[in-house]
Every structure is written in C-alpha cells, then in structure tokens.
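> Mind looking over this structure? Questions follow.
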Amino acid sequence: MTSVLFVCHSNSVCSPIAEALLNHLAADRYRVMSAGVQPQTLDANALAALSKLNVNTSGLESKNLDAVADEYFDIVISLCDQAEAAAQAVPATRYMAWHFNDAPCCSEADATKMTQEIYERIKLLVLVQDRQEKNLW
C-alpha cells in the first residue's frame, strides 16, 4: 500500500481536499494523510464542494505536521509555496509540488473549482502510480 502525505500551510483547504479525494478514488491502494504548517479550521466551502461529489469527509480534521512526525511516506506532496520546505523535511521516498492558492475559499464556486483541479491531479497520480507498479512504463 502506497503512503501519501499532502501538506499545505493551513491544512484547511487544499490538503484535506486532496486527502478526501484520494481516499475516495483509491483507498484500497493508498494510505493517505494530510497536515499543515499552521493548521486552521477546515474550510466550510471546501467541505461543501466535497459533499457535492459524494466524497466522504468524516474523519477529516486539520492537524499539524507534528502529528505525522513519526511516519515515513512513499510520497509527500506540497500543495502551496509556503509549505514546500516543511514538506521536504518529512521523511519520504519521493516529493512532489502541486502549488495551489491555500487561502480560504471565498465561495462554494471557488471551492468547487479548486476541488476539480486537485481531483484532476489525483487521477493522474493514481494512473502513473498504477502503471509504474505494473511495470507498464
């Protein structure tokens, strides 16, 4: 099972969205967590956008990187500029940077757009990982 950590500054928008979406798409193949440099309350618009897609948000909570300090990950993905250095300090096999604006969503429409953008990258991640594991490339 591939372990993935999504890191953003606040762990209130991007990283919980990414965590929920990867769990929704491939929980049988991935152990997924998210954390932030300075965690804040989960963004209500982000949760609403996930709910519109019937993505389970139970168990999502904003947490500090300290909560994953004893973990080793196969992949750590930084989701904003402000979190990149902190993400690279987490023990992992591979690091990626998918930079989004990690600000609270001003509207549900903004959150929906952000969710769709992250979902497209999640689908590509799963596709590439699956092909690499099956030695198709």
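All residue names refer to the structure tokens as shown: chains lettered A, B, ... in order, residues numbered from 1 in each chain, ligands numbered from 1 in order.
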Using DSSP on the backbone coordinates, identify the residues of chain A assigned to strand (DSSP E); present them as an MDAnalysis selection string.

chainID A and resid 2:8 30:36 73:78 92:97

> So which bits of chain A end up helix (DSSP H, G or I) when you DSSP the backbone, as a VMD selection string?

chain A and resid 14 to 26 44 to 52 65 to 68 81 to 88 108 to 133

> Would you compute the distance between atom CA of A:Glu19 and atom CA of A:Lys52? Give it in Å to one decimal.

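Going from atom CA of A:Glu19 over to atom CA of A:Lys52 covers 16.1 Å.
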
> If you take only C-alpha atoms and a cut-off of 9 Å, which residues of stretch 12-97 of chain A touch stretch 113-117 of chain A, and what are their nearest atom pairs and distances in Å to one decimal, in chain and number order, as JSON lines?


{"residue": "A:Val13", "atom": "CA", "partner": "A:Met114", "partner_atom": "CA", "distance": 8.9}
{"residue": "A:Cys14", "atom": "CA", "partner": "A:Met114", "partner_atom": "CA", "distance": 7.7}
{"residue": "A:Ile17", "atom": "CA", "partner": "A:Thr115", "partner_atom": "CA", "distance": 6.5}
{"residue": "A:Ala18", "atom": "CA", "partner": "A:Thr115", "partner_atom": "CA", "distance": 8.0}
{"residue": "A:Leu21", "atom": "CA", "partner": "A:Thr115", "partner_atom": "CA", "distance": 8.5}
{"residue": "A:Ala46", "atom": "CA", "partner": "A:Thr115", "partner_atom": "CA", "distance": 7.5}
{"residue": "A:Ala49", "atom": "CA", "partner": "A:Thr115", "partner_atom": "CA", "distance": 6.9}
{"residue": "A:Leu50", "atom": "CA", "partner": "A:Thr115", "partner_atom": "CA", "distance": 7.2}

> If we count only C-alpha atoms, what is near A:Leu25 at a cut-off of 10 Å, once residues fewer than 2 positions away on the same chain are taken out, given as a PyMOL selection string?

chain A and resi 20-23+27-30+55+119+122-123+126

> So, with only C-alpha atoms as the atoms that count, which of A:Gln40, A:Ser15, A:Asn56, A:Ser51 lies closest to A:Ala87?

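Between A:Gln40, A:Ser15, A:Asn56, A:Ser51, the residue approaching A:Ala87 most closely is A:Ser15.
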
> Please provide as an MDAnalysis selection string all residues within 8 Å of A:Ala97, with the sequence filter that same-chain residues fewer than 6 positions apart are discarded (counting only C-alpha atoms).

chainID A and resid 77:80 84
